[in-house]
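Structure file query26.cif with mmCIF, C-alpha atoms:
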data_final
#
loop_
_atom_site.label_atom_id
_atom_site.label_comp_id
_atom_site.auth_asym_id
_atom_site.auth_seq_id
_atom_site.Cartn_x
_atom_site.Cartn_y
_atom_site.Cartn_z
CA VAL K 1 32.69 -75.54 42.05
CA LEU K 2 29.50 -77.63 42.28
CA VAL K 3 31.28 -80.74 40.94
CA HIS K 4 34.15 -80.26 43.37
CA THR K 5 31.72 -79.93 46.30
CA LEU K 6 29.78 -83.06 45.41
CA SER K 7 32.94 -85.06 44.86
CA SER K 8 34.25 -84.12 48.27
CA MET K 9 31.04 -85.22 50.04
CA SER K 10 30.57 -88.63 51.48
CA PRO K 11 27.94 -90.80 49.80
CA VAL K 12 25.60 -90.35 52.80
CA ALA K 13 26.02 -86.59 52.77
CA ALA K 14 25.53 -86.48 49.09
CA HIS K 15 22.36 -88.54 49.37
CA ARG K 16 21.03 -86.28 52.13
CA ALA K 17 21.79 -83.16 50.11
CA SER K 18 20.43 -84.26 46.80
CA PRO K 19 16.64 -83.97 47.44
CA ALA K 20 16.85 -80.33 48.39
CA MET K 21 19.48 -79.45 45.85
CA TRP K 22 17.79 -81.03 42.84
CA SER K 23 14.13 -80.43 43.55
CA PRO K 24 12.40 -78.01 41.12
CA GLN K 25 12.94 -74.35 42.00
CA PRO K 26 10.19 -71.71 41.90
CA PRO K 27 10.18 -69.49 38.76
CA PRO K 28 12.07 -66.21 39.03
CA PRO K 29 9.98 -63.14 39.83
CA ARG K 30 8.55 -61.29 36.82
CA LEU K 31 10.37 -58.20 35.65
CA GLN K 32 8.55 -55.21 37.09
CA LEU K 33 8.77 -51.57 35.92
CA ARG K 34 9.67 -49.30 38.76
CA ARG K 35 6.48 -47.24 38.82
CA PRO K 36 3.84 -46.65 41.45
CA ALA K 37 0.91 -48.99 41.47
CA GLY K 38 -1.84 -47.86 39.12
CA THR K 39 0.41 -45.77 36.85
CA PRO K 40 -0.42 -46.41 33.12
CA LEU K 41 2.17 -47.83 30.78
CA HIS K 42 4.29 -45.48 28.59
CA SER K 43 1.97 -45.28 25.54
CA SER K 44 -1.07 -44.79 27.72
CA ARG K 45 0.75 -42.11 29.66
CA ARG K 46 1.51 -40.25 26.41
CA LEU K 47 -2.10 -40.42 25.34
CA SER K 48 -3.25 -39.17 28.72
CA ARG K 49 -1.01 -36.15 28.30
CA ILE K 50 -3.02 -35.00 25.29
CA ALA K 51 -6.02 -34.20 27.44
CA ALA K 52 -3.93 -32.41 30.08
CA SER K 53 -1.62 -30.63 27.61
CA GLN K 54 -1.85 -26.92 27.07
CA GLU K 55 -1.12 -27.56 23.37
CA ASP K 56 -3.89 -27.95 20.85
CA PRO K 57 -4.99 -31.60 20.43
CA LEU K 58 -3.54 -31.92 16.94
CA THR K 59 -0.06 -30.82 18.06
CA ALA K 60 -0.21 -33.11 21.09
CA LEU K 61 -1.25 -36.05 18.91
CA THR K 62 1.67 -35.52 16.52
CA ARG K 63 4.06 -35.64 19.46
CA VAL K 64 2.60 -39.03 20.41
CA LEU K 65 2.90 -40.33 16.83
CA TRP K 66 6.40 -39.17 15.91
CA GLY K 67 7.71 -37.11 18.79
CA ARG K 68 9.71 -34.07 17.76
CA ALA K 69 10.94 -35.53 14.47
CA LEU K 70 9.64 -34.47 11.07
CA PRO K 71 6.39 -36.12 9.97
CA PRO K 72 6.78 -39.33 7.98
CA SER K 73 7.50 -38.76 4.31
CA GLN K 74 4.38 -40.66 3.27
CA LEU K 75 2.24 -38.28 5.31
CA VAL K 76 4.00 -35.24 3.87
CA LEU K 77 3.45 -36.47 0.32
CA ALA K 78 -0.20 -37.33 0.99
CA VAL K 79 -0.95 -33.93 2.53
CA ARG K 80 0.91 -32.13 -0.25
CA HIS K 81 -1.08 -33.98 -2.90
CA GLY K 82 -4.37 -33.36 -1.08
CA TRP K 83 -3.65 -29.67 -0.50
CA THR K 84 -2.55 -29.12 -4.12
CA SER K 85 -5.69 -30.80 -5.43
CA ALA K 86 -7.93 -28.77 -3.10
CA TRP K 87 -6.05 -25.56 -4.03
CA ARG K 88 -6.57 -26.17 -7.75
CA LEU K 89 -10.25 -26.87 -7.19
CA LEU K 90 -10.73 -23.66 -5.21
CA MET K 91 -8.72 -21.57 -7.64
CA ARG K 92 -10.76 -22.81 -10.59
CA GLN K 93 -13.87 -21.47 -8.87
CA LEU K 94 -12.45 -18.31 -7.32
CA ALA K 95 -10.08 -17.39 -10.15
CA PRO K 96 -11.00 -19.23 -13.37
CA SER K 97 -8.09 -20.08 -15.62
CA ASP K 98 -7.45 -21.34 -19.11
CA PRO K 99 -7.32 -25.15 -18.73
CA ALA K 100 -4.65 -25.40 -21.42
CA THR K 101 -2.22 -22.80 -20.03
CA GLY K 102 -3.19 -22.14 -16.41
CA ALA K 103 -3.48 -18.41 -17.17
CA PHE K 104 -6.03 -16.44 -15.15
CA THR K 105 -9.08 -15.37 -17.16
CA ARG K 106 -11.24 -12.68 -15.61
CA THR K 107 -15.00 -13.31 -15.59
CA PRO K 108 -16.79 -10.58 -17.59
CA SER K 109 -19.05 -8.21 -15.69
CA ARG K 110 -22.71 -9.14 -15.78
CA PHE K 111 -23.78 -5.52 -16.40
CA PRO K 112 -20.87 -4.11 -18.43
CA ALA K 113 -22.60 -1.05 -19.87
CA VAL K 114 -24.77 1.66 -18.35
CA ALA K 115 -28.40 0.61 -18.55
CA GLN K 116 -30.43 2.49 -21.12
CA PRO K 117 -32.13 4.81 -20.86
CA ALA K 118 -29.42 6.19 -18.61
CA PRO K 119 -30.59 7.57 -15.26
CA GLY K 120 -31.45 11.26 -15.40
CA PRO K 121 -30.09 14.02 -13.16
CA GLY K 122 -32.84 13.48 -10.57
CA ALA K 123 -32.43 9.69 -10.28
CA ARG K 124 -31.86 8.19 -6.83
CA LEU K 125 -28.54 6.47 -7.41
CA HIS K 126 -26.60 4.46 -4.85
CA LEU K 127 -23.00 3.27 -5.14
CA TYR K 128 -21.86 -0.03 -3.63
CA VAL K 129 -18.11 -0.51 -3.11
CA GLY K 130 -15.61 -2.56 -1.15
CA LEU K 131 -12.49 -0.85 0.21
CA PRO K 132 -9.98 -3.62 -0.63
CA CYS K 133 -11.09 -3.82 -4.28
CA PRO K 134 -9.08 -1.73 -6.80
CA TRP K 135 -11.95 -1.77 -9.29
CA ALA K 136 -14.37 -0.35 -6.71
CA HIS K 137 -11.70 2.13 -5.66
CA ARG K 138 -11.88 3.67 -9.14
CA ALA K 139 -15.53 4.62 -8.67
CA LEU K 140 -14.96 5.76 -5.08
CA LEU K 141 -12.02 7.95 -6.12
CA VAL K 142 -13.90 9.54 -9.02
CA ARG K 143 -16.83 10.25 -6.68
CA ALA K 144 -14.42 11.97 -4.27
CA LEU K 145 -12.46 13.96 -6.85
CA LEU K 146 -15.65 15.25 -8.51
CA GLY K 147 -17.33 16.17 -5.21
CA LEU K 148 -20.30 13.87 -5.82
CA GLY K 149 -20.58 12.73 -2.22
CA PRO K 150 -23.71 14.73 -1.31
CA ARG K 151 -25.54 13.52 -4.44
CA LEU K 152 -24.34 9.93 -4.53
CA PRO K 153 -24.62 7.99 -1.26
CA VAL K 154 -22.38 4.98 -0.85
CA SER K 155 -22.52 1.68 1.05
CA VAL K 156 -19.30 -0.15 1.82
CA ALA K 157 -19.43 -3.94 1.73
CA VAL K 158 -16.79 -6.07 3.45
CA PRO K 159 -15.52 -9.54 2.54
CA GLY K 160 -17.36 -12.25 4.50
CA ASP K 161 -15.82 -15.47 5.78
CA ASP K 162 -16.77 -17.14 2.50
CA GLY K 163 -15.31 -14.28 0.45
CA ALA K 164 -18.72 -12.90 -0.58
CA TRP K 165 -19.37 -9.18 -0.14
CA SER K 166 -21.45 -8.64 2.99
CA PHE K 167 -22.63 -5.89 5.32
CA THR K 168 -22.09 -5.54 9.06
CA PRO K 169 -23.54 -3.30 11.77
CA GLU K 170 -20.39 -1.18 11.47
CA SER K 171 -20.62 -1.07 7.67
CA PRO K 172 -24.32 -1.44 6.78
CA ASP K 173 -26.27 -1.33 3.56
CA ALA K 174 -27.49 2.23 3.92
CA LEU K 175 -30.27 1.77 1.35
CA TYR K 176 -32.04 -1.49 2.22
CA GLY K 177 -30.30 -2.85 5.30
CA SER K 178 -29.40 -6.04 3.41
CA ARG K 179 -27.05 -8.60 4.92
CA ARG K 180 -25.29 -9.42 1.67
CA LEU K 181 -24.62 -7.55 -1.55
CA ARG K 182 -26.14 -10.50 -3.39
CA ASP K 183 -29.48 -9.60 -1.75
CA VAL K 184 -29.35 -6.16 -3.38
CA TYR K 185 -28.59 -7.65 -6.79
CA ALA K 186 -31.45 -10.12 -6.32
CA ALA K 187 -33.88 -7.27 -5.62
CA ARG K 188 -33.86 -6.23 -9.28
CA ARG K 189 -37.00 -7.10 -11.18
CA GLY K 190 -35.34 -9.75 -13.30
CA GLY K 191 -33.64 -11.43 -10.32
CA PHE K 192 -29.96 -12.28 -10.42
CA GLU K 193 -27.59 -15.19 -10.89
CA GLY K 194 -23.82 -14.90 -10.94
CA ARG K 195 -21.15 -13.08 -8.97
CA ALA K 196 -22.27 -10.13 -6.86
CA SER K 197 -19.27 -7.89 -7.50
CA VAL K 198 -18.22 -4.34 -6.68
CA PRO K 199 -18.43 -1.61 -7.74
CA MET K 200 -22.12 -1.60 -8.49
CA LEU K 201 -24.19 1.46 -9.33
CA TRP K 202 -27.84 1.01 -8.36
CA ASP K 203 -30.95 2.93 -9.45
CA ALA K 204 -33.22 2.93 -6.41
CA ASP K 205 -36.22 4.29 -8.34
CA ARG K 206 -36.17 1.55 -10.95
CA ARG K 207 -34.71 -1.09 -8.56
CA GLU K 208 -32.19 -1.94 -11.20
CA VAL K 209 -28.44 -2.31 -11.62
CA VAL K 210 -27.20 0.62 -13.66
CA CYS K 211 -23.75 -0.91 -14.23
CA ASN K 212 -21.12 -3.02 -12.46
CA GLU K 213 -18.16 -2.45 -14.79
CA SER K 214 -15.75 -0.04 -13.06
CA ILE K 215 -14.49 1.94 -16.05
CA GLU K 216 -18.01 2.50 -17.37
CA ILE K 217 -19.25 3.59 -13.94
CA ALA K 218 -16.33 6.05 -13.75
CA LYS K 219 -17.16 7.50 -17.16
CA PHE K 220 -20.83 7.82 -16.24
CA LEU K 221 -19.99 9.61 -12.98
CA CYS K 222 -17.97 12.13 -14.98
CA THR K 223 -21.19 13.11 -16.77
CA LEU K 224 -22.76 13.95 -13.39
CA ALA K 225 -20.06 16.45 -12.38
CA ASP K 226 -21.00 20.08 -11.89
CA ASP K 227 -19.66 22.77 -14.20
CA GLY K 228 -16.24 23.85 -13.07
CA ALA K 229 -15.43 20.52 -11.42
CA LEU K 230 -12.32 18.56 -12.30
CA ASP K 231 -12.75 17.08 -15.77
CA LEU K 232 -11.42 13.54 -15.66
CA TRP K 233 -12.80 12.58 -19.06
CA PRO K 234 -12.42 15.62 -21.34
CA PRO K 235 -13.82 15.06 -24.84
CA GLU K 236 -10.61 16.16 -26.55
CA HIS K 237 -8.58 13.50 -24.71
CA ARG K 238 -11.00 10.57 -24.66
CA GLN K 239 -9.28 8.76 -27.49
CA GLU K 240 -5.93 9.02 -25.77
CA ILE K 241 -7.42 7.97 -22.42
CA ASP K 242 -8.82 4.86 -24.10
CA ARG K 243 -5.43 4.11 -25.67
CA TRP K 244 -3.67 4.35 -22.33
CA TYR K 245 -6.38 2.22 -20.76
CA GLY K 246 -5.72 -0.39 -23.42
CA VAL K 247 -2.21 -0.66 -21.99
CA ILE K 248 -2.88 -0.22 -18.27
CA TYR K 249 -5.76 -2.66 -17.94
CA PRO K 250 -4.30 -5.88 -19.40
CA SER K 251 -0.67 -5.39 -18.35
CA VAL K 252 -0.95 -3.65 -14.95
CA ASN K 253 -4.49 -3.60 -13.50
CA ASN K 254 -5.22 -7.17 -14.52
CA GLY K 255 -1.54 -8.03 -14.83
CA VAL K 256 -1.05 -8.25 -11.07
CA TYR K 257 -4.01 -10.65 -10.85
CA ARG K 258 -2.60 -12.72 -13.69
CA CYS K 259 0.55 -13.10 -11.60
CA GLY K 260 -1.25 -13.87 -8.35
CA PHE K 261 -3.84 -16.24 -9.78
CA ALA K 262 -1.63 -18.02 -12.32
CA GLN K 263 -2.00 -21.79 -12.03
CA SER K 264 1.12 -22.76 -13.96
CA GLN K 265 4.71 -21.57 -13.96
CA ALA K 266 4.56 -20.61 -17.62
CA ALA K 267 1.44 -18.48 -17.06
CA TYR K 268 3.06 -16.70 -14.13
CA ASP K 269 6.31 -16.08 -16.00
CA ALA K 270 4.47 -14.54 -18.96
CA ALA K 271 2.29 -12.32 -16.76
CA ALA K 272 5.23 -11.13 -14.63
CA ALA K 273 7.31 -10.28 -17.69
CA GLU K 274 4.47 -8.27 -19.24
CA LEU K 275 3.72 -6.48 -15.95
CA PHE K 276 7.27 -5.31 -15.35
CA ASP K 277 7.85 -4.40 -18.99
CA ALA K 278 4.80 -2.13 -18.69
CA LEU K 279 6.01 -0.63 -15.39
CA ASP K 280 9.43 0.03 -16.92
CA MET K 281 7.76 1.80 -19.85
CA LEU K 282 5.54 3.86 -17.51
CA GLU K 283 8.54 4.81 -15.39
CA GLY K 284 10.27 6.17 -18.47
CA HIS K 285 7.19 8.08 -19.62
CA LEU K 286 6.41 9.61 -16.23
CA SER K 287 10.00 10.69 -15.67
CA GLY K 288 9.33 13.46 -18.21
CA SER K 289 5.55 13.82 -18.02
CA ARG K 290 3.50 14.78 -15.00
CA TYR K 291 0.45 12.72 -16.04
CA LEU K 292 -0.28 10.10 -18.67
CA CYS K 293 -2.13 12.05 -21.35
CA ALA K 294 -0.43 14.67 -23.50
CA GLY K 295 -1.52 18.21 -22.72
CA ALA K 296 -3.99 17.12 -20.02
CA GLY K 297 -4.15 17.09 -16.25
CA VAL K 298 -5.34 14.15 -14.20
CA THR K 299 -7.69 11.92 -16.23
CA LEU K 300 -9.43 8.58 -15.84
CA ALA K 301 -6.28 6.94 -17.19
CA ASP K 302 -4.40 8.19 -14.12
CA VAL K 303 -7.20 7.11 -11.79
CA CYS K 304 -7.14 3.59 -13.19
CA LEU K 305 -3.36 3.30 -12.85
CA PHE K 306 -3.34 4.78 -9.35
CA THR K 307 -5.67 2.21 -7.75
CA THR K 308 -3.22 -0.55 -8.68
CA LEU K 309 -0.08 1.38 -7.74
CA ILE K 310 -1.35 2.24 -4.25
CA ARG K 311 -1.75 -1.50 -3.54
CA PHE K 312 1.47 -2.65 -5.16
CA ASP K 313 3.99 -2.71 -2.32
CA LEU K 314 1.34 -3.56 0.27
CA VAL K 315 -0.25 -6.63 -1.35
CA TYR K 316 0.73 -7.33 -4.95
CA ASN K 317 4.48 -7.51 -4.36
CA PRO K 318 4.36 -10.00 -1.44
CA LEU K 319 1.07 -11.86 -1.96
CA PHE K 320 0.72 -11.94 -5.75
CA ARG K 321 4.46 -12.57 -6.30
CA CYS K 322 4.94 -9.33 -8.28
CA SER K 323 8.42 -9.43 -6.87
CA ARG K 324 10.95 -8.29 -9.46
CA ARG K 325 10.85 -4.77 -8.06
CA LYS K 326 8.81 -2.83 -5.52
CA LEU K 327 7.05 0.33 -6.58
CA VAL K 328 9.26 2.37 -4.25
CA GLU K 329 12.17 1.28 -6.48
CA TYR K 330 10.59 3.22 -9.38
CA PRO K 331 11.30 6.87 -8.45
CA SER K 332 8.98 8.48 -10.99
CA LEU K 333 6.10 6.03 -10.59
CA HIS K 334 6.24 6.27 -6.81
CA ALA K 335 6.29 10.07 -6.84
CA TYR K 336 3.43 10.10 -9.38
CA MET K 337 1.41 7.82 -7.13
CA ARG K 338 2.06 10.10 -4.14
CA GLU K 339 0.92 13.14 -6.13
CA ILE K 340 -2.44 11.57 -6.90
CA TYR K 341 -2.76 10.37 -3.30
CA GLN K 342 -2.31 13.99 -2.20
CA LEU K 343 -5.10 15.34 -4.42
CA PRO K 344 -8.00 16.77 -2.37
CA ALA K 345 -10.16 13.96 -0.89
CA ALA K 346 -8.11 11.20 -2.54
CA ALA K 347 -6.30 9.96 0.58
CA GLU K 348 -9.60 9.40 2.38
CA THR K 349 -10.50 6.74 -0.18
CA CYS K 350 -7.35 4.69 0.61
CA ASP K 351 -7.80 2.49 3.68
CA MET K 352 -4.53 0.54 3.86
CA ALA K 353 -5.65 -1.61 6.80
CA ALA K 354 -8.83 -2.66 4.95
CA ILE K 355 -6.81 -3.36 1.81
CA ALA K 356 -4.34 -5.60 3.66
CA ASP K 357 -7.09 -7.44 5.51
CA GLY K 358 -9.13 -7.86 2.34
CA TYR K 359 -6.29 -9.58 0.51
CA PHE K 360 -4.30 -11.41 3.18
CA GLY K 361 -7.30 -12.27 5.32
CA THR K 362 -9.75 -13.26 2.57
CA LEU K 363 -7.71 -14.87 -0.22
CA PHE K 364 -7.01 -17.97 1.86
CA PRO K 365 -5.81 -20.11 -1.10
CA LEU K 366 -2.88 -17.67 -1.34
CA ASN K 367 -2.47 -17.13 2.41
CA PRO K 368 -3.95 -20.15 4.25
CA GLY K 369 -2.77 -19.00 7.67
CA GLY K 370 -4.52 -15.63 7.34
CA ILE K 371 -1.52 -13.86 8.92
CA LEU K 372 -1.46 -10.12 8.19
CA PRO K 373 1.99 -8.67 7.45
CA VAL K 374 3.31 -5.42 8.82
CA VAL K 375 2.43 -2.50 6.55
CA PRO K 376 5.59 -1.42 4.68
CA ALA K 377 6.99 1.94 5.74
CA SER K 378 6.58 3.22 2.18
CA CYS K 379 2.80 2.64 2.46
CA SER K 380 2.27 4.68 5.62
CA ARG K 381 0.36 7.93 5.40
CA GLU K 382 3.46 9.83 6.49
CA ALA K 383 5.48 8.39 3.60
CA LEU K 384 2.70 8.93 1.08
CA MET K 385 2.36 12.58 2.11
CA LYS K 386 6.02 13.38 1.49
CA PRO K 387 6.57 16.02 -1.22
CA HIS K 388 6.42 14.46 -4.65
CA GLY K 389 8.45 17.15 -6.43
CA ARG K 390 6.61 16.78 -9.74
CA GLU K 391 5.35 20.36 -10.03
CA ALA K 392 8.14 21.33 -12.44
CA LEU K 393 7.27 18.59 -14.94
CA PRO K 394 5.12 19.46 -17.97
CA SER K 395 1.57 18.20 -17.70
CA ALA K 396 2.57 15.81 -20.45
CA ALA K 397 5.42 15.19 -22.82
CA ALA K 398 5.26 16.38 -26.39
CA ALA K 399 2.63 14.63 -28.46
CA ALA K 400 5.26 12.94 -30.63
CA ALA K 401 7.09 11.55 -27.61
CA ASP K 402 3.80 10.47 -26.11
CA GLY K 403 2.90 8.69 -29.32
CA ARG K 404 6.20 6.79 -29.16
CA GLN K 405 5.44 5.71 -25.59
CA LEU K 406 2.01 4.44 -26.61
CA GLY K 407 3.58 2.61 -29.53
CA ALA K 408 6.00 0.91 -27.17
CA ALA K 409 3.11 0.10 -24.86
CA ALA K 410 1.15 -1.47 -27.67
CA SER K 411 4.06 -3.77 -28.39
CA ILE K 412 4.04 -4.91 -24.75
CA VAL K 413 0.37 -5.84 -24.90
CA GLY K 414 0.24 -7.23 -28.39
#

Would you mind writing the structure in this file as structure tokens?
Amino acid sequence: VLVHTLSSMSPVAAHRASPAMWSPQPPPPRLQLRRPAGTPLHSSRRLSRIAASQEDPLTALTRVLWGRALPPSQLVLAVRHGWTSAWRLLMRQLAPSDPATGAFTRTPSRFPAVAQPAPGPGARLHLYVGLPCPWAHRALLVRALLGLGPRLPVSVAVPGDDGAWSFTPESPDALYGSRRLRDVYAARRGGFEGRASVPMLWDADRREVVCNESIEIAKFLCTLADDGALDLWPPEHRQEIDRWYGVIYPSVNNGVYRCGFAQSQAAYDAAAAELFDALDMLEGHLSGSRYLCAGAGVTLADVCLFTTLIRFDLVYNPLFRCSRRKLVEYPSLHAYMREIYQLPAAAETCDMAAIADGYFGTLFPLNPGGILPVVPASCSREALMKPHGREALPSAAAAAADGRQLGAAASIVG
């Protein structure tokens, strides 16, 4: 069109038109974003939203970095590696394991035997416990069943933010007013280094730890019972109680911890297999026997088994991955557990809310978010108080049958 126009012009017209037509033109206007003056650019606007957002700063920042998509794979891998390394470091301190296998190895008690000479009948003894702890629950339950409350005062420690046993205004140290259980341990004449664990039996006159091994504390408390009280450690059954304890402790009491604190798949698999083999054996035994020991009523063997069973569906099944079966799926074991729960004063020693909080809220390497689950219906007081129907069972199976059960149990452990 331009060529045709120029060719049709006269030379004079073309000459007159050329200066204006061919002179340099001004540059085109710059491309402008349609935004009000003073509005920041897009990236700045996103950053400014972080301060005004109702979200937490970390969430707002991730939206700036990668929007609503998944985080970059490199970040995921880096965080996973960092978290796994930190988890292993924490677990090695909180739950020591065998470096070769990853199997949990329990730290021995610092005061495993009752101090000698043993405290006499007039000694001022004080019991320190923690409600979530199954080992402390043994001592607390024996104290309740034997009616030792008026003679044996108790202080209940609670897990602190760092996991150490502490005291609060609502749950104080009734003896010294200490802030931490470690302070009580340190008050002994020889001082103290190590883990301040529960249960702990304290001699206030000598300012000394009597013992902090749960089974030995339980046995010692049995010697303090009045005549006519329930005999949880009868001389004629002590050998059998010890044999049952040799099964219950490694496979069940400590077995759930070996599952929960395992630091390798092989260690977990071995612990879970041993745990459920033992529970299967106990289910068979208790389907025909009211209690564990032949010819006896409730003994320390039953007490030691109970404090693990009462926590099983609430914490060990979900948190410790003891997940093959729930206790409620074992009819005889569950009824047996309910019978002991219904013994006079026993239920008052079972604080399910404190147990759940003590595990889910404190063991942060296993539950980093600290979220507390709903208590299973089978763990409610109403469910635990349902009739157990075990009155018709003999107090124990025949001695020969009981010997076969213990033989089977020994094969599980060994």

Take atom CA of K:Ala225 and atom CA of K:Trp165 and report the distance between them in Å, one decimal.
->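 About the pair atom CA of K:Ala225 and atom CA of K:Trp165: they are 28.4 Å apart.
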
What are the closest atom pairs, with distances in Å to one decimal, for each residue of stretch 354-400 of chain K lying within 12 Å of stretch 134-153 of chain K, using all atoms listed in the file, rows by chain and rising residue number, as a tab-separated table?
residue	atom	partner	partner_atom	distance
K:Ala354	CA	K:Pro134	CA	11.8
K:Ile355	CA	K:Pro134	CA	9.1
K:Gly358	CA	K:Pro134	CA	11.0
K:Tyr359	CA	K:Pro134	CA	11.1

For K:Arg106, which residue among K:Leu221, K:Leu77, K:Ala262, K:Ala187 is the nearest when counting only C-alpha atoms?
->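 The shortest atom-to-atom distance to K:Arg106 comes from K:Ala262.
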
Expected residue set, 9 Å radius at (-30.4, 16.9, -10.8), all atoms listed in the file, as a list in words =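 Those residues, ordered by chain and then number, are Gly120, Pro121, Gly122, Ala123, Arg151 and Leu224 of chain K.
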
For each of K:Leu333, K:Leu125, K:Val256, K:Leu314, take the minimum atom-to-atom distance to K:Ser380, counting only C-alpha atoms, then give the residue where this is smallest.
->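 Once distances to K:Ser380 are computed over only C-alpha atoms, the minimum belongs to K:Leu314.
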